[in-house]
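Novice: Coordinates in upload.txt, compact mmCIF, C-alpha atoms and all ligand atoms, are listed below.
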# COMPACT_ATOMS: atom_id res chain seq x y z
CA MET P 1 35.57 43.33 10.84
CA SER P 2 35.89 39.65 10.08
CA THR P 3 35.23 37.23 12.94
CA ARG P 4 36.94 34.39 11.09
CA PRO P 5 40.58 33.77 10.25
CA THR P 6 41.32 34.64 6.65
CA SER P 7 43.28 31.45 5.94
CA ILE P 8 41.22 28.76 7.61
CA ARG P 9 42.46 25.16 7.66
CA ARG P 10 40.67 22.97 5.14
CA ASP P 11 41.06 19.23 5.49
CA PRO P 12 41.09 17.02 2.39
CA GLY P 13 37.60 15.98 1.42
CA TYR P 14 36.10 19.25 2.65
CA THR P 15 32.90 19.89 0.71
CA GLY P 16 32.60 23.65 1.12
CA LEU P 17 33.15 26.24 -1.58
CA THR P 18 36.65 27.65 -1.60
CA ASP P 19 35.92 30.49 -4.04
CA ALA P 20 33.49 33.32 -3.45
CA VAL P 21 30.93 32.94 -6.23
CA GLY P 22 27.92 35.03 -7.08
CA THR P 23 24.33 33.85 -7.06
CA LEU P 24 22.03 33.95 -10.04
CA PRO P 25 20.91 37.46 -11.04
CA SER P 26 18.17 38.77 -8.75
CA GLN P 27 16.01 39.55 -11.74
CA TRP P 28 15.75 35.82 -12.52
CA TYR P 29 13.61 35.50 -9.42
CA PHE P 30 10.85 37.91 -10.44
CA ASP P 31 11.09 38.97 -14.07
CA PRO P 32 8.07 37.55 -15.97
CA THR P 33 9.97 37.20 -19.25
CA HIS P 34 12.74 35.27 -17.58
CA HIS P 35 10.19 33.13 -15.78
CA ARG P 36 8.63 32.11 -19.10
CA HIS P 37 12.11 31.19 -20.32
CA GLU P 38 12.61 28.94 -17.28
CA LEU P 39 9.22 27.35 -17.81
CA SER P 40 10.10 26.41 -21.38
CA ARG P 41 13.70 25.37 -20.75
CA ILE P 42 13.27 23.63 -17.41
CA TRP P 43 9.69 22.91 -16.39
CA TYR P 44 8.49 21.91 -19.85
CA ARG P 45 11.47 19.62 -20.44
CA HIS P 46 11.93 17.64 -17.25
CA TRP P 47 10.02 14.89 -15.51
CA ILE P 48 7.36 16.27 -13.19
CA TYR P 49 5.85 14.33 -10.33
CA ALA P 50 2.09 14.25 -10.97
CA CYS P 51 0.38 12.04 -8.38
CA ARG P 52 0.43 8.62 -6.77
CA SER P 53 -0.60 5.70 -8.96
CA ALA P 54 -3.35 5.05 -6.42
CA ASP P 55 -4.83 8.47 -7.22
CA ILE P 56 -5.88 7.06 -10.58
CA ALA P 57 -6.19 3.43 -9.57
CA SER P 58 -9.21 2.30 -11.55
CA PRO P 59 -9.96 2.58 -15.28
CA ARG P 60 -11.38 5.98 -16.28
CA SER P 61 -10.08 7.72 -13.16
CA PHE P 62 -8.22 10.91 -14.00
CA HIS P 63 -6.07 13.59 -12.47
CA THR P 64 -5.15 17.02 -13.82
CA LEU P 65 -2.00 18.97 -13.17
CA GLU P 66 -1.10 22.57 -13.95
CA VAL P 67 2.54 23.30 -14.76
CA GLY P 68 3.07 26.94 -15.63
CA ASP P 69 0.43 27.68 -18.28
CA GLN P 70 0.17 24.04 -19.33
CA SER P 71 -2.54 21.67 -18.14
CA ILE P 72 -1.94 17.93 -18.16
CA LEU P 73 -4.59 15.20 -18.02
CA LEU P 74 -3.59 11.81 -16.61
CA VAL P 75 -5.97 8.93 -17.21
CA ARG P 76 -6.00 5.25 -16.27
CA GLY P 77 -6.94 3.14 -19.26
CA ASP P 78 -9.06 0.00 -19.42
CA ASP P 79 -5.80 -1.87 -20.01
CA GLY P 80 -4.42 -0.63 -16.67
CA SER P 81 -1.92 1.75 -18.27
CA ALA P 82 -1.63 5.32 -17.13
CA ARG P 83 -1.50 7.84 -19.97
CA ALA P 84 -0.95 11.57 -20.03
CA PHE P 85 -2.17 14.12 -22.53
CA HIS P 86 -2.27 17.83 -22.92
CA ASN P 87 -5.64 18.70 -21.42
CA THR P 88 -6.72 20.28 -24.68
CA CYS P 89 -9.19 19.30 -27.37
CA ARG P 90 -7.88 18.91 -30.92
CA HIS P 91 -10.91 20.73 -32.37
CA ARG P 92 -10.52 24.36 -31.33
CA GLY P 93 -8.44 23.86 -28.25
CA ALA P 94 -10.87 23.86 -25.35
CA ARG P 95 -9.72 22.54 -22.01
CA LEU P 96 -11.11 19.02 -21.62
CA CYS P 97 -11.26 18.34 -17.88
CA ARG P 98 -11.85 21.19 -15.50
CA GLU P 99 -11.76 19.22 -12.24
CA ARG P 100 -8.62 18.37 -10.30
CA ALA P 101 -9.51 14.67 -10.23
CA GLY P 102 -12.42 12.33 -10.74
CA ARG P 103 -13.79 9.57 -12.92
CA LEU P 104 -14.59 9.97 -16.59
CA PRO P 105 -17.99 8.85 -17.94
CA ALA P 106 -18.26 5.56 -19.82
CA ALA P 107 -18.18 7.60 -23.03
CA GLY P 108 -14.55 8.49 -22.30
CA ILE P 109 -13.07 11.97 -22.60
CA VAL P 110 -15.75 14.31 -23.89
CA CYS P 111 -14.92 17.91 -24.71
CA PRO P 112 -17.26 20.33 -22.89
CA TYR P 113 -17.39 22.68 -25.90
CA HIS P 114 -18.65 20.74 -28.95
CA ALA P 115 -18.59 17.22 -27.53
CA TRP P 116 -15.73 15.67 -29.46
CA ARG P 117 -15.22 12.31 -27.84
CA TYR P 118 -11.90 10.54 -27.22
CA ASN P 119 -11.23 7.07 -25.82
CA LEU P 120 -8.89 6.46 -22.89
CA LYS P 121 -5.98 6.05 -25.30
CA GLY P 122 -6.60 9.58 -26.50
CA GLU P 123 -7.95 8.53 -29.91
CA LEU P 124 -10.69 10.69 -31.34
CA VAL P 125 -13.71 8.43 -31.78
CA GLN P 126 -16.51 10.86 -32.57
CA THR P 127 -17.18 14.47 -33.47
CA SER P 128 -20.57 16.20 -33.18
CA SER P 129 -20.77 17.26 -36.83
CA ARG P 130 -23.36 15.81 -39.18
CA ALA P 131 -20.80 15.25 -41.87
CA HIS P 132 -17.04 15.36 -42.16
CA ALA P 133 -15.28 17.37 -44.81
CA GLU P 134 -13.31 15.66 -47.52
CA GLY P 135 -9.91 14.70 -46.13
CA PHE P 136 -10.91 14.88 -42.48
CA GLU P 137 -9.96 11.69 -40.68
CA LEU P 138 -10.65 10.98 -37.01
CA ARG P 139 -7.29 9.25 -36.73
CA ASP P 140 -5.48 12.48 -37.56
CA PHE P 141 -6.71 14.18 -34.38
CA PRO P 142 -5.75 12.18 -31.31
CA LEU P 143 -5.02 14.03 -28.08
CA TYR P 144 -1.49 15.33 -27.75
CA GLY P 145 0.21 12.53 -25.84
CA LEU P 146 2.86 13.00 -23.19
CA PRO P 147 5.35 10.53 -21.71
CA VAL P 148 4.49 8.82 -18.44
CA THR P 149 6.69 6.89 -16.05
CA GLU P 150 5.12 4.87 -13.28
CA TRP P 151 7.76 4.18 -10.64
CA ASN P 152 7.15 2.72 -7.20
CA GLY P 153 3.61 4.01 -7.00
CA PHE P 154 4.57 7.47 -8.30
CA LEU P 155 3.36 8.83 -11.63
CA PHE P 156 5.65 11.21 -13.45
CA THR P 157 4.98 12.96 -16.70
CA ALA P 158 6.82 15.46 -18.89
CA LEU P 159 5.78 18.21 -21.25
CA SER P 160 8.45 17.15 -23.72
CA ALA P 161 8.42 14.15 -26.04
CA SER P 162 12.04 13.51 -25.11
CA PRO P 163 12.67 14.25 -21.44
CA PRO P 164 16.02 13.19 -19.94
CA PRO P 165 16.30 9.50 -18.94
CA PHE P 166 14.05 9.05 -15.91
CA ASP P 167 16.69 7.55 -13.64
CA ALA P 168 19.11 10.36 -14.46
CA SER P 169 16.63 12.89 -13.15
CA PHE P 170 17.21 11.75 -9.55
CA ASP P 171 20.34 12.51 -7.56
CA LEU P 172 20.57 8.93 -6.23
CA PRO P 173 20.18 5.56 -7.94
CA LEU P 174 16.48 4.69 -8.17
CA ASP P 175 16.96 1.52 -6.13
CA ARG P 176 18.36 3.46 -3.17
CA LEU P 177 14.86 3.64 -1.67
CA ASP P 178 13.98 -0.01 -2.34
CA ASP P 179 14.09 -0.88 1.37
CA TRP P 180 11.08 1.40 1.90
CA ARG P 181 8.94 -0.52 -0.61
CA LEU P 182 7.44 2.72 -1.83
CA ALA P 183 4.92 1.05 -4.13
CA ASP P 184 3.16 -0.51 -1.13
CA LEU P 185 2.82 2.69 0.86
CA VAL P 186 -0.39 4.62 1.31
CA VAL P 187 -0.94 8.36 1.62
CA GLY P 188 -2.05 9.02 5.21
CA HIS P 189 -2.08 12.80 5.06
CA ARG P 190 -1.60 15.66 2.62
CA LEU P 191 -0.66 19.29 3.18
CA THR P 192 -0.63 22.07 0.62
CA LYS P 193 0.81 25.56 0.81
CA THR P 194 1.16 28.43 -1.58
CA ILE P 195 4.49 30.14 -1.04
CA GLN P 196 5.06 33.68 -2.26
CA CYS P 197 8.45 32.99 -3.74
CA ASN P 198 10.11 31.96 -6.95
CA TRP P 199 10.56 28.19 -7.25
CA LYS P 200 14.37 28.55 -7.20
CA VAL P 201 14.26 30.33 -3.85
CA PHE P 202 12.66 27.20 -2.42
CA TRP P 203 15.30 24.86 -3.88
CA GLU P 204 18.14 27.08 -2.75
CA ASN P 205 16.81 27.07 0.78
CA TYR P 206 16.49 23.29 0.53
CA ASN P 207 20.13 23.04 -0.45
CA GLU P 208 21.73 24.59 2.61
CA CYS P 209 21.51 24.40 6.37
CA LEU P 210 23.24 27.67 7.10
CA HIS P 211 19.75 28.88 8.01
CA CYS P 212 18.89 25.91 10.20
CA PRO P 213 19.98 27.13 13.66
CA GLY P 214 18.11 30.43 13.26
CA VAL P 215 15.07 29.31 11.31
CA HIS P 216 14.47 25.78 12.63
CA PRO P 217 15.08 25.69 16.41
CA ARG P 218 13.21 22.40 16.83
CA LEU P 219 14.86 20.69 13.88
CA ALA P 220 18.25 21.93 15.01
CA GLN P 221 17.71 19.99 18.24
CA LEU P 222 16.48 16.85 16.53
CA VAL P 223 19.34 16.80 14.00
CA PRO P 224 22.33 18.19 15.89
CA ILE P 225 24.57 18.67 12.84
CA TYR P 226 21.88 20.98 11.41
CA GLY P 227 22.20 22.91 14.67
CA ARG P 228 25.82 23.51 13.61
CA ALA P 229 24.53 24.95 10.31
CA LEU P 230 25.96 21.98 8.40
CA LEU P 231 24.36 19.26 6.31
CA GLU P 232 27.14 16.67 6.39
CA ARG P 233 30.27 15.79 8.34
CA ARG P 234 32.65 17.09 5.67
CA ASP P 235 30.99 20.49 5.44
CA ASP P 236 33.20 21.51 8.38
CA PRO P 237 36.62 22.61 7.07
CA ALA P 238 38.26 20.95 10.10
CA TRP P 239 36.09 17.84 9.90
CA GLN P 240 39.02 15.50 10.48
CA ASP P 241 39.22 16.66 14.11
CA HIS P 242 36.10 14.54 14.65
CA ALA P 243 36.43 12.14 11.76
CA ALA P 244 35.79 9.06 13.88
CA ASP P 245 33.37 10.66 16.33
CA ASP P 246 29.91 9.08 16.18
CA ASP P 247 28.33 11.98 18.02
CA PRO P 248 25.49 13.16 15.73
CA ARG P 249 26.82 16.70 16.12
CA TYR P 250 29.65 15.61 13.85
CA GLY P 251 28.43 12.55 12.00
CA GLY P 252 24.87 13.66 11.29
CA GLY P 253 21.76 11.69 12.12
CA LEU P 254 19.20 12.19 14.84
CA ARG P 255 19.91 13.19 18.44
CA THR P 256 20.50 10.29 20.81
CA GLY P 257 17.23 8.57 21.63
CA ALA P 258 15.33 9.95 18.64
CA GLU P 259 14.23 7.64 15.83
CA SER P 260 12.17 9.75 13.49
CA TRP P 261 11.10 13.23 12.53
CA SER P 262 8.13 13.66 14.86
CA MET P 263 7.11 15.86 17.77
CA ASP P 264 8.63 13.50 20.36
CA GLY P 265 11.29 11.93 18.16
CA LYS P 266 9.52 8.57 18.32
CA PRO P 267 8.13 6.79 15.28
CA ALA P 268 4.61 7.87 14.35
CA GLY P 269 3.98 4.71 12.38
CA VAL P 270 5.01 1.08 12.18
CA PRO P 271 8.72 1.12 11.21
CA PHE P 272 9.60 -0.23 7.78
CA PRO P 273 10.99 -3.71 8.34
CA GLY P 274 13.68 -3.71 5.65
CA VAL P 275 15.51 -0.46 6.47
CA SER P 276 19.22 -0.95 7.22
CA ALA P 277 20.77 -0.11 10.57
CA ALA P 278 22.80 2.68 8.95
CA ASP P 279 19.68 4.25 7.44
CA ARG P 280 17.84 3.93 10.73
CA THR P 281 20.65 5.75 12.51
CA ALA P 282 20.71 8.49 9.90
CA GLY P 283 16.96 8.97 10.43
CA HIS P 284 16.37 10.50 7.02
CA LEU P 285 17.36 9.85 3.45
CA TYR P 286 16.74 12.53 0.85
CA MET P 287 16.29 11.80 -2.83
CA THR P 288 15.70 14.68 -5.17
CA SER P 289 14.45 15.24 -8.70
CA VAL P 290 14.60 18.90 -9.62
CA PRO P 291 12.60 20.85 -10.49
CA SER P 292 9.50 19.18 -9.06
CA VAL P 293 10.01 16.84 -6.13
CA PHE P 294 12.02 15.52 -3.25
CA ILE P 295 11.36 12.38 -1.27
CA VAL P 296 12.48 11.96 2.33
CA ALA P 297 12.45 8.48 3.79
CA HIS P 298 12.27 8.13 7.56
CA VAL P 299 12.10 4.91 9.57
CA ASP P 300 8.30 4.98 9.75
CA TYR P 301 7.06 7.27 7.00
CA VAL P 302 8.04 8.79 3.72
CA ARG P 303 7.44 12.42 2.89
CA VAL P 304 7.00 13.52 -0.71
CA VAL P 305 7.29 17.24 -1.33
CA ARG P 306 6.26 18.49 -4.74
CA LEU P 307 6.67 21.99 -6.12
CA LEU P 308 4.91 23.62 -9.04
CA PRO P 309 5.49 27.16 -10.30
CA LEU P 310 2.36 29.31 -10.15
CA GLY P 311 4.12 32.46 -11.35
CA PRO P 312 7.48 34.22 -11.11
CA GLU P 313 6.91 34.89 -7.43
CA GLN P 314 4.53 32.14 -6.40
CA THR P 315 5.08 28.43 -5.90
CA ALA P 316 2.66 25.68 -4.92
CA MET P 317 3.97 23.10 -2.48
CA SER P 318 2.18 19.86 -1.72
CA ILE P 319 3.34 17.32 0.82
CA GLU P 320 2.22 13.71 0.96
CA PHE P 321 2.89 11.52 3.99
CA LEU P 322 3.22 7.85 3.07
CA PHE P 323 2.89 5.03 5.56
CA LEU P 324 2.61 1.27 5.65
CA PRO P 325 -1.05 0.20 5.40
CA GLN P 326 -0.78 -1.34 8.87
CA THR P 327 0.10 2.07 10.32
CA LEU P 328 -3.07 3.61 8.97
CA ALA P 329 -5.11 0.65 10.16
CA ASP P 330 -3.74 0.91 13.71
CA PRO P 331 -5.61 3.38 15.92
CA GLN P 332 -2.62 3.39 18.31
CA CYS P 333 -0.48 5.08 15.66
CA ASP P 334 -0.58 8.85 15.88
CA ILE P 335 0.55 9.93 12.43
CA MET P 336 -0.21 13.55 13.25
CA LYS P 337 2.89 13.84 15.39
CA ALA P 338 4.93 13.31 12.24
CA VAL P 339 2.71 15.62 10.21
CA GLU P 340 2.85 18.32 12.87
CA PHE P 341 6.63 18.22 13.11
CA THR P 342 7.28 18.50 9.41
CA ASP P 343 4.53 21.09 9.06
CA ILE P 344 6.45 23.24 11.53
CA VAL P 345 9.70 22.80 9.61
CA MET P 346 8.16 23.32 6.18
CA SER P 347 6.20 26.35 7.38
CA GLU P 348 9.42 27.85 8.72
CA ASP P 349 11.04 27.23 5.35
CA ALA P 350 8.07 28.68 3.48
CA ALA P 351 8.08 31.82 5.64
CA ILE P 352 11.82 32.41 5.24
CA CYS P 353 11.58 31.83 1.49
CA GLU P 354 9.01 34.63 1.35
CA VAL P 355 11.37 36.87 3.30
CA ASN P 356 14.12 36.04 0.80
CA GLN P 357 11.85 36.74 -2.16
CA ARG P 358 10.80 40.16 -0.93
CA GLY P 359 14.36 41.30 -0.32
CA LEU P 360 15.51 40.33 -3.80
CA HIS P 361 13.75 43.34 -5.32
CA ALA P 362 16.18 45.91 -3.86
CA LEU P 363 17.37 48.04 -6.76
CA PRO P 364 21.11 47.73 -6.05
CA HIS P 365 20.98 43.97 -5.36
CA ALA P 366 21.90 42.68 -8.79
CA ALA P 367 23.05 39.38 -7.27
CA GLY P 368 24.18 37.90 -3.97
CA VAL P 369 27.17 35.79 -2.99
CA LEU P 370 27.41 32.18 -1.87
CA MET P 371 29.16 31.16 1.33
CA PRO P 372 31.22 27.95 1.66
CA GLU P 373 28.35 25.98 3.22
CA GLU P 374 26.23 26.75 0.16
CA TYR P 375 28.07 24.42 -2.21
CA ALA P 376 24.87 22.58 -3.09
CA ILE P 377 23.22 25.87 -4.06
CA ARG P 378 26.10 26.42 -6.43
CA GLN P 379 25.44 23.00 -7.99
CA PHE P 380 21.77 23.86 -8.32
CA GLN P 381 22.50 27.26 -9.84
CA ASP P 382 25.02 25.74 -12.26
CA TRP P 383 22.30 23.28 -13.27
CA VAL P 384 19.83 26.13 -13.84
CA ARG P 385 22.37 28.03 -15.96
CA ALA P 386 23.17 24.93 -17.98
CA GLU P 387 19.51 24.11 -18.59
CA LEU P 388 18.78 27.66 -19.71
CA ALA P 389 21.73 27.57 -22.09
CA ARG P 390 20.72 24.24 -23.62
CA PRO P 391 19.18 24.84 -27.07
S1 LIG P 401 -13.16 22.59 -28.83
FE1 LIG P 401 -13.50 20.57 -28.21
S2 LIG P 401 -15.17 19.91 -29.36
FE2 LIG P 401 -14.83 21.93 -29.99
FE FE P 402 15.04 24.78 6.13
Would you mind writing the file's structure down as structure tokens?
Ligand code: FES
Ligand SMILES: [Fe+2]

Specialist:
Amino acid sequence: MSTRPTSIRRDPGYTGLTDAVGTLPSQWYFDPTHHRHELSRIWYRHWIYACRSADIASPRSFHTLEVGDQSILLVRGDDGSARAFHNTCRHRGARLCRERAGRLPAAGIVCPYHAWRYNLKGELVQTSSRAHAEGFELRDFPLYGLPVTEWNGFLFTALSASPPPFDASFDLPLDRLDDWRLADLVVGHRLTKTIQCNWKVFWENYNECLHCPGVHPRLAQLVPIYGRALLERRDDPAWQDHAADDDPRYGGGLRTGAESWSMDGKPAGVPFPGVSAADRTAGHLYMTSVPSVFIVAHVDYVRVVRLLPLGPEQTAMSIEFLFLPQTLADPQCDIMKAVEFTDIVMSEDAAICEVNQRGLHALPHAAGVLMPEEYAIRQFQDWVRAELARP
């Protein structure tokens, strides 16, 4: 028995889906062959958030990143440029750097197998052989280079020589976060989690708040519109009934008296001076670059959540908390109340994603169905379909 009228009023500008549409096939969330297809069509083509620029601040510092079965080596050169390479030697293909991060020796990048040596630009400068065969030229065997974009203190790379334009890979204009002066911010805390779910399950959960009242009781109080299972004002078919109502239940934003996502709703750090009144009232601004990262800007900290696929049913999540340097220098600032709050929310999301993943295996469940509030999941799934279809 339906508990809703069959012909509900929908005001103009309503964002919800008006057709019942199916989800992606369940098999796409666990089939290893399909997963490899997604790696090659999506993960190996798009910009991937690697690390903060500060993580490889000085010449010779390096960082490695695993994306699917690919390993990427990011290195800071003597000229200050960040470069990325496949983490593979041109001789017989050994992995070059086995550590997550560190500093290369003065000799540069030295292969652990037969000691081929590359400079920080990836040029082969020396082999270990006594003589070179006729026709062998060092210059023919540089490391396989990858594109790098350094933006606002974030380093992105891509496993394709021609990724999409960098700015087009975000859902908002790149300058939308300028007021937060991201390049000046410092990582105050990091969290990592391994989630037993397909990477798409995570993004789908990210794209709806239908689950918020049940899964996130604390967040539903802090952000009252989430407590109504909605993300935005116009997600309510009868939104015009409260079109001019500033109550956060209808307009979004934080509950009255709260200023940030923290245990007590108070800022955990020194507020960013340049943030507009409208952005302060909203309390959070999301900017997303699928498949690897979303950035959430609050009044006093910025949260960077990165995903990497570990397998068809396993995803690595890492969260960085960025603050003004003065916040981290001030012993009065308790950044952990921000960390703790978002850890609760992200842990709730991780746990429910695992529940979703397990259920997808049911033999008769070839696909699910999207509800009106899940319009952003539809956009995401349309994007996935389009990327997979792209030659
Ligand atoms: S595989 Fe690297 S030097 Fe032989
Ligand atoms: Fe959630």

Novice: Using all atoms listed in the file, which residues of the polymer chains come no farther than 7 Å from ligand FE 402 (chain P)? I'd like the answer as a PyMOL selection string.

Specialist: chain P and resi 205-206+209+211-212+215-216+345+348-349

Novice: Let me see if you get this right: every residue at most 12 Å from ligand LIG 401 (chain P), counting all atoms listed in the file, written as a count of residues only.

Specialist: 30

Novice: Mind working out the centre and edge lengths of an axis-aligned box for region 110-119 of chain P, all listed atoms inside, 3 Å added to each side, rounded to one decimal in Å and written as lines of an AutoDock Vina configuration file?

Specialist:
center_x = -14.9
center_y = 14.9
center_z = -26.2
size_x = 13.4
size_y = 21.6
size_z = 12.6

Novice: Go through P:Ser53, P:Thr288, P:Ser81, P:Ser347 and flag the residue nearest Trp203 (chain P), using all atoms listed in the file for the distances.

Specialist: P:Thr288

Novice: Go ahead and compute the interatomic distance for CA of Leu65 (chain P) and CA of Arg103 (chain P), in Å to one decimal.

Specialist: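 Pair CA of Leu65 (chain P) / CA of Arg103 (chain P) returns 15.1 Å.
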
Novice: Is there a way to get, as a PyMOL selection string, all residues within 7 Å of the point (3.4, 9.8, 13.0) in file coordinates, counting all atoms listed in the file?

Specialist: chain P and resi 262+267-269+333-339

Novice: Kindly export the residues of the current selection with C-alpha atoms, as a JSON list (two decimals), in the coordinates of the input.

Specialist:
[["chain", "number", "residue", "atom", "x", "y", "z"],
["P", 262, "SER", "CA", 8.13, 13.66, 14.86],
["P", 267, "PRO", "CA", 8.13, 6.79, 15.28],
["P", 268, "ALA", "CA", 4.61, 7.87, 14.35],
["P", 269, "GLY", "CA", 3.98, 4.71, 12.38],
["P", 333, "CYS", "CA", -0.48, 5.08, 15.66],
["P", 334, "ASP", "CA", -0.58, 8.85, 15.88],
["P", 335, "ILE", "CA", 0.55, 9.93, 12.43],
["P", 336, "MET", "CA", -0.21, 13.55, 13.25],
["P", 337, "LYS", "CA", 2.89, 13.84, 15.39],
["P", 338, "ALA", "CA", 4.93, 13.31, 12.24],
["P", 339, "VAL", "CA", 2.71, 15.62, 10.21]]

Novice: Which value, in Å to one decimal, gives the distance between CA of Ala366 (chain P) and CA of Ser26 (chain P)?

Specialist: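 The value is 5.4 Å.
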